[in-house]
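K.L.:
My questions will all concern the structure given below.
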Amino acid sequence: MHRSAKRLAGLLTCAAVPMLLVAGCSGSDSKSSGDSTPSGSSSAATSTAPSPTVAAAKFKKLPNPCTAFSKDTLDKLLPKVKDAAGAQGKSTDPTVRGACSWTSSDDQGVDGTQFRWLDVAFQRYDSDPAVGSGEKRATDFYTQQVNDAKGTQGAKKVATVATAGTGDAATAITYDIAKDGNDFKNTTIVTRTANIVVTVNYNGAGMAGADDPNGNDLLKAAQAAAKEAVTAATKANNA
């Protein structure tokens with residue numbers, strides 16, 4: 001074949017090969033137009049993002065809830081307490097949550113019966129990078145507890161009372177509620193100290209013809225009990 005015809009045939013053959021192989025058909029000594037990055041450096045080293053950190057939780061323990069109040073406090077709030085040891089609530093982890101309750105029925109003969117009920121609940125939060133610090137989580141729960149108390153079904157004359165000098169934050173909610181044919185005066189005090197939330201409920205009713213208890217007296221007694229419960233939480237962590 002004529003020399004120029006042979007060159008043409010070679011060029012036609014190269015043109016028929018897919019574009020990916022064209023560089024192999026070229027007679028040029030120039031390098032491929034592909035990535036000229038040296039082997040092993042095709043991808044830049046990626047820096048690992050630091051794990052999020054949160055402040056450590058202040059408190060690691062909770063007190064025994066049934067020993068949160070002194071004998072004098074129980075005698076004042078529950079004149080005829082049925083069981084001074086209290087009824088402790090079940091908890092899968094007593095370092096995280098705990099509760100205790102007491103009842104009192106003071107039979108005054110023909111003047112009826114004064115009923116009182118008291119309970120205390122402790123909730124502690126650890127710090128968790130995924131959801132926040134223990135203090136933030138406790139603050140969220142504190143807000144939820146206050147709102148739950150305000151929204152108690154059937155509650156009437158709901159009022160919020162500022163409560164100073166108790167933990168880092170404290171709110172008292174008072175309301176009237178009818179239960180089992182009796183009119184109850186109720187006080188709920190929600191307190192937060194660092195990463196622990198303490199909720200105290202105290203209510204009373206005059207039964208069988210007894211006069212209704214004074215709501216302000218119940219409030220003051222509950223506020224004093226809440227301070228004592230917060231002190232118990234602090235002492236449990238300083239022991």
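Ligands are numbered from 1 in the order shown, residues from 1 within each chain, and chains are lettered A, B, ... in the order they appear in the structure tokens.
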Do a neighbour search on range 122-133 of chain A at 7 Å with only C-alpha atoms, toss out local chain neighbours closer than 5 positions, and write the hits as a list in words.

P.N.:
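My reading of the contact set: Pro52, Thr53, Val54, Ala55, Ala56, Ala57, Val96, Arg97, Gly98, Ala99, Ala138, Asn195, Ile196, Val197, Val198 and Thr199 of chain A.
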
K.L.:
For the residues in that selection, give me C-alpha atoms as a short mmCIF file (atom, residue, chain, number, x, y, z; two decimals), in the first residue's frame.

P.N.:
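Below is the file again25.cif, written as the result:
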data_model
loop_
_atom_site.label_atom_id
_atom_site.label_comp_id
_atom_site.auth_asym_id
_atom_site.auth_seq_id
_atom_site.Cartn_x
_atom_site.Cartn_y
_atom_site.Cartn_z
CA PRO A 52 -19.10 18.27 70.97
CA THR A 53 -18.51 18.81 74.69
CA VAL A 54 -20.82 19.95 77.48
CA ALA A 55 -20.18 21.03 81.04
CA ALA A 56 -20.12 18.19 83.54
CA ALA A 57 -23.20 17.77 85.71
CA VAL A 96 -31.64 9.47 88.77
CA ARG A 97 -35.14 9.64 90.22
CA GLY A 98 -36.91 9.05 93.50
CA ALA A 99 -40.20 9.90 95.22
CA ALA A 138 -33.01 20.00 84.23
CA ASN A 195 -29.05 19.52 87.43
CA ILE A 196 -31.71 18.35 89.92
CA VAL A 197 -35.41 19.19 89.85
CA VAL A 198 -37.42 18.86 93.07
CA THR A 199 -41.21 18.85 92.97
#

K.L.:
Ranking A:Asn214, A:Thr103, A:Ala169, A:Asn182 by minimum distance to Glu135 in chain A and counting only C-alpha atoms, which one comes first?

P.N.:
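Selected residue with least distance to Glu135 in chain A: A:Ala169.
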
K.L.:
So what do you get for CA of Val120 in chain A versus CA of Ala229 in chain A, distance-wise?

P.N.:
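If I compute the distance from CA of Val120 in chain A to CA of Ala229 in chain A, I get 7.8 Å.
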
K.L.:
Would you kindly return, as a PDB file with C-alpha atoms, in the first residue's frame, each protein, DNA or RNA residue with an atom no farther than 12 Å from any atom of Ala232 in chain A, considering only C-alpha atoms and excluding same-chain residues fewer than 4 positions away?

P.N.:
ATOM      1  CA  LYS A  61     -26.541  11.565  93.608  1.00  0.00           C
ATOM      2  CA  LEU A  62     -30.024  11.957  95.033  1.00  0.00           C
ATOM      3  CA  PRO A  63     -31.085  11.713  98.668  1.00  0.00           C
ATOM      4  CA  ASN A  64     -33.391   9.017  99.944  1.00  0.00           C
ATOM      5  CA  PRO A  65     -36.688  10.829  99.203  1.00  0.00           C
ATOM      6  CA  CYS A  66     -38.350   9.459 102.342  1.00  0.00           C
ATOM      7  CA  THR A  67     -35.717  11.174 104.496  1.00  0.00           C
ATOM      8  CA  ALA A  68     -35.929  14.539 102.735  1.00  0.00           C
ATOM      9  CA  PHE A  69     -37.956  16.102 105.564  1.00  0.00           C
ATOM     10  CA  SER A  70     -37.245  16.311 109.270  1.00  0.00           C
ATOM     11  CA  VAL A 120     -41.718  14.929  97.053  1.00  0.00           C
ATOM     12  CA  PHE A 122     -36.435  14.224  92.755  1.00  0.00           C
ATOM     13  CA  GLY A 167     -32.398  26.525  94.660  1.00  0.00           C
ATOM     14  CA  THR A 193     -30.893  23.305  91.817  1.00  0.00           C
ATOM     15  CA  ILE A 196     -31.706  18.352  89.924  1.00  0.00           C
ATOM     16  CA  VAL A 198     -37.417  18.856  93.072  1.00  0.00           C
ATOM     17  CA  ALA A 225     -40.676  21.945 102.753  1.00  0.00           C
ATOM     18  CA  ALA A 226     -39.290  22.640  99.266  1.00  0.00           C
ATOM     19  CA  LYS A 227     -36.296  24.484 100.744  1.00  0.00           C
ATOM     20  CA  GLU A 228     -35.650  21.532 103.016  1.00  0.00           C
ATOM     21  CA  ALA A 236     -26.449  13.989  99.566  1.00  0.00           C
ATOM     22  CA  ASN A 237     -23.746  15.164  97.152  1.00  0.00           C
ATOM     23  CA  ASN A 238     -21.489  16.617  99.827  1.00  0.00           C
ATOM     24  CA  ALA A 239     -21.460  13.494 101.978  1.00  0.00           C
TER      25      ALA A 239
END

K.L.:
Could you give me, as a short mmCIF file (atom, residue, chain, number, x, y, z; two decimals) with all heavy atoms, in the first residue's frame, the residues within 10 Å of Gly215 in chain A, counting only C-alpha atoms and dropping anything in the same chain fewer than 4 positions from it?

P.N.:
data_model
loop_
_atom_site.label_atom_id
_atom_site.label_comp_id
_atom_site.auth_asym_id
_atom_site.auth_seq_id
_atom_site.Cartn_x
_atom_site.Cartn_y
_atom_site.Cartn_z
N THR A 174 -50.60 27.35 92.88
CA THR A 174 -51.70 27.02 93.79
C THR A 174 -53.00 26.91 92.99
O THR A 174 -53.19 27.61 92.00
CB THR A 174 -51.87 28.09 94.89
OG1 THR A 174 -52.21 29.34 94.29
CG2 THR A 174 -50.57 28.26 95.69
N TYR A 175 -53.87 26.03 93.44
CA TYR A 175 -55.17 25.89 92.78
C TYR A 175 -56.11 25.09 93.66
O TYR A 175 -55.70 24.41 94.61
CB TYR A 175 -55.02 25.20 91.41
CG TYR A 175 -54.34 23.85 91.43
CD1 TYR A 175 -55.05 22.67 91.63
CD2 TYR A 175 -52.96 23.76 91.22
CE1 TYR A 175 -54.40 21.44 91.63
CE2 TYR A 175 -52.31 22.55 91.21
CZ TYR A 175 -53.05 21.38 91.41
OH TYR A 175 -52.40 20.16 91.43
N ASP A 176 -57.39 25.22 93.35
CA ASP A 176 -58.43 24.43 94.02
C ASP A 176 -58.85 23.31 93.07
O ASP A 176 -58.89 23.51 91.85
CB ASP A 176 -59.66 25.29 94.34
CG ASP A 176 -59.36 26.38 95.37
OD1 ASP A 176 -58.27 26.32 95.98
OD2 ASP A 176 -60.20 27.28 95.53
N PHE A 184 -60.35 20.38 97.53
CA PHE A 184 -58.96 20.39 97.98
C PHE A 184 -58.28 21.70 97.63
O PHE A 184 -58.48 22.26 96.55
CB PHE A 184 -58.18 19.25 97.32
CG PHE A 184 -58.45 17.89 97.91
CD1 PHE A 184 -59.61 17.21 97.60
CD2 PHE A 184 -57.53 17.30 98.77
CE1 PHE A 184 -59.86 15.95 98.13
CE2 PHE A 184 -57.78 16.05 99.31
CZ PHE A 184 -58.94 15.37 99.00
N LYS A 185 -57.46 22.17 98.56
CA LYS A 185 -56.54 23.27 98.31
C LYS A 185 -55.19 22.64 98.00
O LYS A 185 -54.68 21.83 98.78
CB LYS A 185 -56.41 24.17 99.55
CG LYS A 185 -57.69 24.84 100.00
CD LYS A 185 -58.06 25.99 99.07
CE LYS A 185 -59.28 26.75 99.61
NZ LYS A 185 -59.68 27.86 98.71
N ASN A 186 -54.61 22.99 96.87
CA ASN A 186 -53.38 22.33 96.45
C ASN A 186 -52.26 23.34 96.18
O ASN A 186 -52.49 24.40 95.61
CB ASN A 186 -53.63 21.52 95.19
CG ASN A 186 -52.52 20.50 94.94
OD1 ASN A 186 -52.64 19.35 95.34
ND2 ASN A 186 -51.45 20.89 94.27
N THR A 187 -51.05 22.96 96.58
CA THR A 187 -49.86 23.74 96.26
C THR A 187 -48.82 22.82 95.65
O THR A 187 -48.51 21.77 96.22
CB THR A 187 -49.26 24.41 97.51
OG1 THR A 187 -50.18 25.37 98.03
CG2 THR A 187 -47.96 25.13 97.17
N ASN A 203 -51.36 19.12 99.64
CA ASN A 203 -52.75 19.53 99.56
C ASN A 203 -53.52 19.11 100.81
O ASN A 203 -53.07 18.27 101.59
CB ASN A 203 -53.43 19.02 98.28
CG ASN A 203 -53.51 17.50 98.23
OD1 ASN A 203 -54.00 16.87 99.16
ND2 ASN A 203 -53.05 16.92 97.13
N GLY A 204 -54.66 19.76 100.97
CA GLY A 204 -55.48 19.47 102.13
C GLY A 204 -56.94 19.72 101.85
O GLY A 204 -57.30 20.44 100.91
N LEU A 219 -49.53 27.01 101.42
CA LEU A 219 -48.47 27.52 100.56
C LEU A 219 -47.18 27.74 101.35
O LEU A 219 -46.09 27.30 100.94
CB LEU A 219 -48.90 28.82 99.89
CG LEU A 219 -47.83 29.60 99.13
CD1 LEU A 219 -47.28 28.78 97.97
CD2 LEU A 219 -48.39 30.94 98.64
N LYS A 220 -47.28 28.42 102.48
CA LYS A 220 -46.09 28.70 103.29
C LYS A 220 -45.43 27.41 103.77
O LYS A 220 -44.20 27.29 103.77
CB LYS A 220 -46.46 29.58 104.48
CG LYS A 220 -46.84 31.01 104.09
CD LYS A 220 -47.28 31.81 105.30
CE LYS A 220 -47.72 33.23 104.91
NZ LYS A 220 -48.20 34.00 106.09
N ALA A 221 -46.26 26.45 104.18
CA ALA A 221 -45.72 25.18 104.65
C ALA A 221 -45.02 24.44 103.51
O ALA A 221 -43.94 23.85 103.70
CB ALA A 221 -46.84 24.32 105.24
#

K.L.:
From a backbone DSSP assignment, name each residue in range 47-224 of chain A labelled alpha helix (DSSP H), as a PyMOL selection string.

P.N.:
chain A and resi 71-77+134-150+215-224

K.L.:
Would you save the residues from that selection as a CSV table (one decimal), in the first residue's frame, using N, CA, C and O atoms?

P.N.:
chain,number,residue,atom,x,y,z
A,71,LYS,N,-38.4,15.3,111.1
A,71,LYS,CA,-39.6,14.9,111.9
A,71,LYS,C,-40.5,16.1,112.2
A,71,LYS,O,-41.7,16.0,112.1
A,72,ASP,N,-39.8,17.2,112.5
A,72,ASP,CA,-40.6,18.4,112.9
A,72,ASP,C,-41.4,18.9,111.7
A,72,ASP,O,-42.6,19.3,111.8
A,73,THR,N,-40.8,18.8,110.5
A,73,THR,CA,-41.6,19.2,109.3
A,73,THR,C,-42.8,18.3,109.0
A,73,THR,O,-43.9,18.8,108.7
A,74,LEU,N,-42.5,17.0,109.2
A,74,LEU,CA,-43.6,16.1,108.9
A,74,LEU,C,-44.7,16.3,110.0
A,74,LEU,O,-45.9,16.2,109.6
A,75,ASP,N,-44.4,16.6,111.2
A,75,ASP,CA,-45.4,16.8,112.3
A,75,ASP,C,-46.2,18.0,112.0
A,75,ASP,O,-47.4,18.1,112.3
A,76,LYS,N,-45.5,19.1,111.4
A,76,LYS,CA,-46.2,20.3,111.1
A,76,LYS,C,-47.2,20.2,109.9
A,76,LYS,O,-48.3,20.7,110.0
A,77,LEU,N,-46.7,19.5,108.9
A,77,LEU,CA,-47.5,19.4,107.7
A,77,LEU,C,-48.5,18.3,107.7
A,77,LEU,O,-49.6,18.3,107.1
A,134,GLY,N,-26.4,18.7,81.9
A,134,GLY,CA,-27.3,18.3,82.9
A,134,GLY,C,-28.2,19.5,83.4
A,134,GLY,O,-29.4,19.3,83.6
A,135,GLU,N,-27.6,20.7,83.5
A,135,GLU,CA,-28.3,21.8,83.9
A,135,GLU,C,-29.4,22.3,82.9
A,135,GLU,O,-30.5,22.6,83.3
A,136,LYS,N,-29.0,22.2,81.6
A,136,LYS,CA,-30.0,22.6,80.6
A,136,LYS,C,-31.1,21.6,80.6
A,136,LYS,O,-32.3,22.0,80.5
A,137,ARG,N,-30.8,20.3,80.7
A,137,ARG,CA,-31.9,19.3,80.7
A,137,ARG,C,-32.8,19.5,81.9
A,137,ARG,O,-34.0,19.3,81.8
A,138,ALA,N,-32.2,19.8,83.0
A,138,ALA,CA,-33.0,20.0,84.2
A,138,ALA,C,-33.9,21.2,84.1
A,138,ALA,O,-35.0,21.3,84.5
A,139,THR,N,-33.3,22.3,83.4
A,139,THR,CA,-34.1,23.5,83.2
A,139,THR,C,-35.3,23.2,82.3
A,139,THR,O,-36.4,23.7,82.6
A,140,ASP,N,-35.1,22.4,81.3
A,140,ASP,CA,-36.2,22.1,80.4
A,140,ASP,C,-37.3,21.3,81.2
A,140,ASP,O,-38.5,21.5,81.0
A,141,PHE,N,-36.9,20.4,82.0
A,141,PHE,CA,-37.8,19.6,82.8
A,141,PHE,C,-38.5,20.4,83.8
A,141,PHE,O,-39.7,20.3,84.1
A,142,TYR,N,-37.8,21.4,84.4
A,142,TYR,CA,-38.4,22.3,85.4
A,142,TYR,C,-39.6,23.1,84.7
A,142,TYR,O,-40.7,23.2,85.3
A,143,THR,N,-39.3,23.6,83.5
A,143,THR,CA,-40.3,24.3,82.8
A,143,THR,C,-41.5,23.4,82.5
A,143,THR,O,-42.7,23.9,82.7
A,144,GLN,N,-41.3,22.2,82.1
A,144,GLN,CA,-42.4,21.3,81.8
A,144,GLN,C,-43.2,21.0,83.1
A,144,GLN,O,-44.4,21.0,83.0
A,145,GLN,N,-42.5,20.8,84.2
A,145,GLN,CA,-43.3,20.5,85.5
A,145,GLN,C,-44.1,21.7,85.9
A,145,GLN,O,-45.3,21.5,86.3
A,146,VAL,N,-43.6,22.9,85.7
A,146,VAL,CA,-44.4,24.1,86.0
A,146,VAL,C,-45.7,24.2,85.1
A,146,VAL,O,-46.8,24.4,85.6
A,147,ASN,N,-45.5,23.9,83.8
A,147,ASN,CA,-46.6,24.0,82.9
A,147,ASN,C,-47.6,22.9,83.2
A,147,ASN,O,-48.8,23.1,83.1
A,148,ASP,N,-47.1,21.7,83.6
A,148,ASP,CA,-48.0,20.6,83.9
A,148,ASP,C,-48.9,20.9,85.1
A,148,ASP,O,-50.1,20.6,85.1
A,149,ALA,N,-48.3,21.6,86.1
A,149,ALA,CA,-49.0,21.9,87.3
A,149,ALA,C,-50.1,23.0,86.9
A,149,ALA,O,-51.2,22.9,87.4
A,150,LYS,N,-49.7,23.9,86.1
A,150,LYS,CA,-50.7,25.0,85.7
A,150,LYS,C,-51.8,24.4,84.9
A,150,LYS,O,-52.9,24.9,85.0
A,215,GLY,N,-55.5,28.3,102.3
A,215,GLY,CA,-54.6,28.1,101.2
A,215,GLY,C,-53.3,28.7,101.4
A,215,GLY,O,-52.2,28.2,101.1
A,216,ASN,N,-53.2,29.9,102.1
A,216,ASN,CA,-52.0,30.6,102.3
A,216,ASN,C,-51.1,29.8,103.3
A,216,ASN,O,-49.9,29.8,103.2
A,217,ASP,N,-51.8,29.2,104.3
A,217,ASP,CA,-51.0,28.4,105.3
A,217,ASP,C,-50.4,27.2,104.6
A,217,ASP,O,-49.2,26.8,104.9
A,218,LEU,N,-51.1,26.6,103.7
A,218,LEU,CA,-50.6,25.4,102.9
A,218,LEU,C,-49.4,25.8,102.0
A,218,LEU,O,-48.4,25.1,102.0
A,219,LEU,N,-49.5,27.0,101.4
A,219,LEU,CA,-48.5,27.5,100.6
A,219,LEU,C,-47.2,27.7,101.3
A,219,LEU,O,-46.1,27.3,100.9
A,220,LYS,N,-47.3,28.4,102.5
A,220,LYS,CA,-46.1,28.7,103.3
A,220,LYS,C,-45.4,27.4,103.8
A,220,LYS,O,-44.2,27.3,103.8
A,221,ALA,N,-46.3,26.5,104.2
A,221,ALA,CA,-45.7,25.2,104.6
A,221,ALA,C,-45.0,24.4,103.5
A,221,ALA,O,-43.9,23.9,103.7
A,222,ALA,N,-45.6,24.5,102.3
A,222,ALA,CA,-45.0,23.8,101.2
A,222,ALA,C,-43.7,24.5,100.7
A,222,ALA,O,-42.7,23.8,100.4
A,223,GLN,N,-43.6,25.8,100.8
A,223,GLN,CA,-42.4,26.5,100.4
A,223,GLN,C,-41.3,26.1,101.4
A,223,GLN,O,-40.1,25.9,101.0
A,224,ALA,N,-41.6,26.0,102.7
A,224,ALA,CA,-40.6,25.7,103.7
A,224,ALA,C,-40.1,24.2,103.4
A,224,ALA,O,-38.9,23.9,103.5

K.L.:
Distance CA of Thr163 in chain A-CA of Thr188 in chain A, one decimal place?

P.N.:
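We find that CA of Thr163 in chain A and CA of Thr188 in chain A lie 11.3 Å from each other.
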
K.L.:
When DSSP works through the backbone of this structure, what residues of range 17-239 of chain A end up as strand (DSSP E), shown as a tab-separated table (two decimals) with N, CA and C atoms, in the first residue's frame?

P.N.:
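Contents of out-v9.tsv, freshly written:
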chain	number	residue	atom	x	y	z
A	87	ALA	N	-44.25	6.39	101.96
A	87	ALA	CA	-44.38	5.33	100.95
A	87	ALA	C	-43.47	5.70	99.79
A	88	GLN	N	-42.38	4.94	99.65
A	88	GLN	CA	-41.39	5.27	98.62
A	88	GLN	C	-41.83	4.75	97.26
A	97	ARG	N	-33.82	9.18	89.81
A	97	ARG	CA	-35.14	9.64	90.22
A	97	ARG	C	-35.58	8.93	91.50
A	98	GLY	N	-36.39	9.64	92.27
A	98	GLY	CA	-36.91	9.05	93.50
A	98	GLY	C	-38.09	9.86	94.00
A	99	ALA	N	-39.01	9.21	94.73
A	99	ALA	CA	-40.20	9.90	95.22
A	99	ALA	C	-40.69	9.24	96.50
A	100	CYS	N	-41.40	10.02	97.29
A	100	CYS	CA	-41.97	9.49	98.53
A	100	CYS	C	-43.22	10.30	98.86
A	101	SER	N	-44.21	9.66	99.50
A	101	SER	CA	-45.46	10.35	99.83
A	101	SER	C	-45.94	9.97	101.22
A	102	TRP	N	-46.74	10.88	101.80
A	102	TRP	CA	-47.29	10.69	103.14
A	102	TRP	C	-48.75	11.18	103.14
A	103	THR	N	-49.57	10.59	104.00
A	103	THR	CA	-50.95	11.07	104.18
A	103	THR	C	-51.23	11.23	105.67
A	104	SER	N	-52.18	12.11	105.95
A	104	SER	CA	-52.56	12.38	107.34
A	104	SER	C	-54.06	12.64	107.40
A	105	SER	N	-54.73	11.98	108.35
A	105	SER	CA	-56.16	12.22	108.58
A	105	SER	C	-56.35	12.56	110.06
A	106	ASP	N	-56.63	13.82	110.31
A	106	ASP	CA	-56.81	14.30	111.68
A	106	ASP	C	-58.30	14.36	111.99
A	107	ASP	N	-58.78	13.33	112.65
A	107	ASP	CA	-60.20	13.22	112.99
A	107	ASP	C	-60.52	14.13	114.16
A	113	THR	N	-62.99	15.97	109.70
A	113	THR	CA	-61.61	15.48	109.57
A	113	THR	C	-60.80	16.39	108.66
A	114	GLN	N	-59.60	16.70	109.10
A	114	GLN	CA	-58.68	17.45	108.26
A	114	GLN	C	-57.73	16.45	107.58
A	115	PHE	N	-57.78	16.44	106.25
A	115	PHE	CA	-56.93	15.52	105.48
A	115	PHE	C	-55.77	16.31	104.88
A	116	ARG	N	-54.57	15.70	104.93
A	116	ARG	CA	-53.41	16.30	104.30
A	116	ARG	C	-52.65	15.23	103.52
A	117	TRP	N	-52.07	15.66	102.42
A	117	TRP	CA	-51.26	14.76	101.58
A	117	TRP	C	-50.02	15.50	101.13
A	118	LEU	N	-48.86	14.84	101.24
A	118	LEU	CA	-47.58	15.46	100.88
A	118	LEU	C	-46.77	14.48	100.06
A	119	ASP	N	-46.15	14.96	99.02
A	119	ASP	CA	-45.18	14.11	98.33
A	119	ASP	C	-44.02	14.95	97.80
A	120	VAL	N	-42.89	14.28	97.60
A	120	VAL	CA	-41.72	14.93	97.05
A	120	VAL	C	-41.13	14.02	95.98
A	121	ALA	N	-40.69	14.62	94.88
A	121	ALA	CA	-40.08	13.86	93.80
A	121	ALA	C	-38.78	14.54	93.38
A	122	PHE	N	-37.74	13.73	93.21
A	122	PHE	CA	-36.44	14.22	92.75
A	122	PHE	C	-36.15	13.66	91.37
A	123	GLN	N	-35.63	14.50	90.49
A	123	GLN	CA	-35.23	14.06	89.15
A	123	GLN	C	-33.87	14.68	88.84
A	124	ARG	N	-32.88	13.82	88.54
A	124	ARG	CA	-31.53	14.30	88.27
A	124	ARG	C	-31.15	14.01	86.82
A	156	LYS	N	-59.03	24.91	89.46
A	156	LYS	CA	-59.68	26.22	89.45
A	156	LYS	C	-58.85	27.20	90.28
A	157	LYS	N	-59.02	28.48	89.98
A	157	LYS	CA	-58.30	29.54	90.69
A	157	LYS	C	-56.79	29.29	90.67
A	158	VAL	N	-56.28	28.93	89.50
A	158	VAL	CA	-54.85	28.65	89.37
A	158	VAL	C	-54.06	29.95	89.49
A	159	ALA	N	-53.04	29.94	90.33
A	159	ALA	CA	-52.20	31.13	90.52
A	159	ALA	C	-50.74	30.71	90.61
A	160	THR	N	-49.85	31.55	90.09
A	160	THR	CA	-48.41	31.31	90.16
A	160	THR	C	-47.80	32.29	91.15
A	161	VAL	N	-47.02	31.75	92.07
A	161	VAL	CA	-46.46	32.58	93.13
A	161	VAL	C	-44.93	32.49	93.08
A	162	ALA	N	-44.28	33.65	93.01
A	162	ALA	CA	-42.82	33.66	93.00
A	162	ALA	C	-42.30	33.10	94.32
A	169	ALA	N	-33.88	28.16	90.92
A	169	ALA	CA	-35.16	28.67	90.41
A	169	ALA	C	-36.28	27.91	91.12
A	170	ALA	N	-37.36	28.60	91.41
A	170	ALA	CA	-38.49	27.95	92.09
A	170	ALA	C	-39.78	28.67	91.75
A	171	THR	N	-40.82	27.89	91.52
A	171	THR	CA	-42.14	28.44	91.23
A	171	THR	C	-43.18	27.65	92.01
A	172	ALA	N	-44.10	28.38	92.62
A	172	ALA	CA	-45.21	27.75	93.34
A	172	ALA	C	-46.49	27.94	92.53
A	173	ILE	N	-47.25	26.89	92.40
A	173	ILE	CA	-48.54	26.94	91.70
A	173	ILE	C	-49.62	26.52	92.69
A	174	THR	N	-50.60	27.35	92.88
A	174	THR	CA	-51.70	27.02	93.79
A	174	THR	C	-53.00	26.91	92.99
A	175	TYR	N	-53.87	26.03	93.44
A	175	TYR	CA	-55.17	25.89	92.78
A	175	TYR	C	-56.11	25.09	93.66
A	176	ASP	N	-57.39	25.22	93.35
A	176	ASP	CA	-58.43	24.43	94.02
A	176	ASP	C	-58.85	23.31	93.07
A	177	ILE	N	-59.19	22.16	93.64
A	177	ILE	CA	-59.64	21.06	92.80
A	177	ILE	C	-60.58	20.17	93.60
A	178	ALA	N	-61.60	19.66	92.95
A	178	ALA	CA	-62.57	18.79	93.61
A	178	ALA	C	-62.20	17.33	93.33
A	179	LYS	N	-62.13	16.53	94.40
A	179	LYS	CA	-61.83	15.10	94.25
A	179	LYS	C	-62.67	14.31	95.24
A	182	ASN	N	-64.89	16.14	97.62
A	182	ASN	CA	-64.27	17.08	98.55
A	182	ASN	C	-63.50	18.16	97.78
A	183	ASP	N	-63.47	19.36	98.38
A	183	ASP	CA	-62.76	20.47	97.77
A	183	ASP	C	-61.36	20.57	98.38
A	184	PHE	N	-60.35	20.38	97.53
A	184	PHE	CA	-58.96	20.39	97.98
A	184	PHE	C	-58.28	21.70	97.63
A	185	LYS	N	-57.46	22.17	98.56
A	185	LYS	CA	-56.54	23.27	98.31
A	185	LYS	C	-55.19	22.64	98.00
A	186	ASN	N	-54.61	22.99	96.87
A	186	ASN	CA	-53.38	22.33	96.45
A	186	ASN	C	-52.26	23.34	96.18
A	187	THR	N	-51.05	22.96	96.58
A	187	THR	CA	-49.86	23.74	96.26
A	187	THR	C	-48.82	22.82	95.65
A	188	THR	N	-48.30	23.19	94.50
A	188	THR	CA	-47.19	22.47	93.87
A	188	THR	C	-46.03	23.43	93.77
A	189	ILE	N	-44.87	23.01	94.27
A	189	ILE	CA	-43.68	23.83	94.17
A	189	ILE	C	-42.63	23.08	93.38
A	190	VAL	N	-42.19	23.70	92.29
A	190	VAL	CA	-41.16	23.10	91.44
A	190	VAL	C	-39.88	23.91	91.62
A	191	THR	N	-38.81	23.20	91.92
A	191	THR	CA	-37.53	23.85	92.20
A	191	THR	C	-36.43	23.19	91.39
A	192	ARG	N	-35.50	24.00	90.90
A	192	ARG	CA	-34.31	23.44	90.26
A	192	ARG	C	-33.07	23.92	90.98
A	193	THR	N	-32.20	22.97	91.30
A	193	THR	CA	-30.89	23.31	91.82
A	193	THR	C	-29.87	22.59	90.95
A	196	ILE	N	-30.66	19.10	89.22
A	196	ILE	CA	-31.71	18.35	89.92
A	196	ILE	C	-32.98	19.19	89.98
A	197	VAL	N	-34.11	18.55	89.70
A	197	VAL	CA	-35.41	19.19	89.85
A	197	VAL	C	-36.16	18.53	91.00
A	198	VAL	N	-36.65	19.35	91.92
A	198	VAL	CA	-37.42	18.86	93.07
A	198	VAL	C	-38.85	19.37	92.95
A	199	THR	N	-39.80	18.47	93.03
A	199	THR	CA	-41.21	18.85	92.97
A	199	THR	C	-41.90	18.42	94.25
A	200	VAL	N	-42.51	19.38	94.93
A	200	VAL	CA	-43.23	19.11	96.18
A	200	VAL	C	-44.70	19.40	95.95
A	201	ASN	N	-45.55	18.45	96.28
A	201	ASN	CA	-47.00	18.64	96.24
A	201	ASN	C	-47.55	18.54	97.67
A	202	TYR	N	-48.38	19.50	98.02
A	202	TYR	CA	-48.98	19.49	99.36
A	202	TYR	C	-50.43	19.95	99.22
A	203	ASN	N	-51.36	19.12	99.64
A	203	ASN	CA	-52.75	19.53	99.56
A	203	ASN	C	-53.52	19.11	100.81
A	204	GLY	N	-54.66	19.76	100.97
A	204	GLY	CA	-55.48	19.47	102.13
A	204	GLY	C	-56.94	19.72	101.85
A	205	ALA	N	-57.79	19.10	102.66
A	205	ALA	CA	-59.24	19.27	102.51
A	205	ALA	C	-59.91	19.05	103.86
A	206	GLY	N	-61.00	19.77	104.05
A	206	GLY	CA	-61.83	19.55	105.23
A	206	GLY	C	-62.92	18.55	104.86
A	207	MET	N	-62.95	17.42	105.53
A	207	MET	CA	-63.92	16.36	105.20
A	207	MET	C	-64.93	16.17	106.34
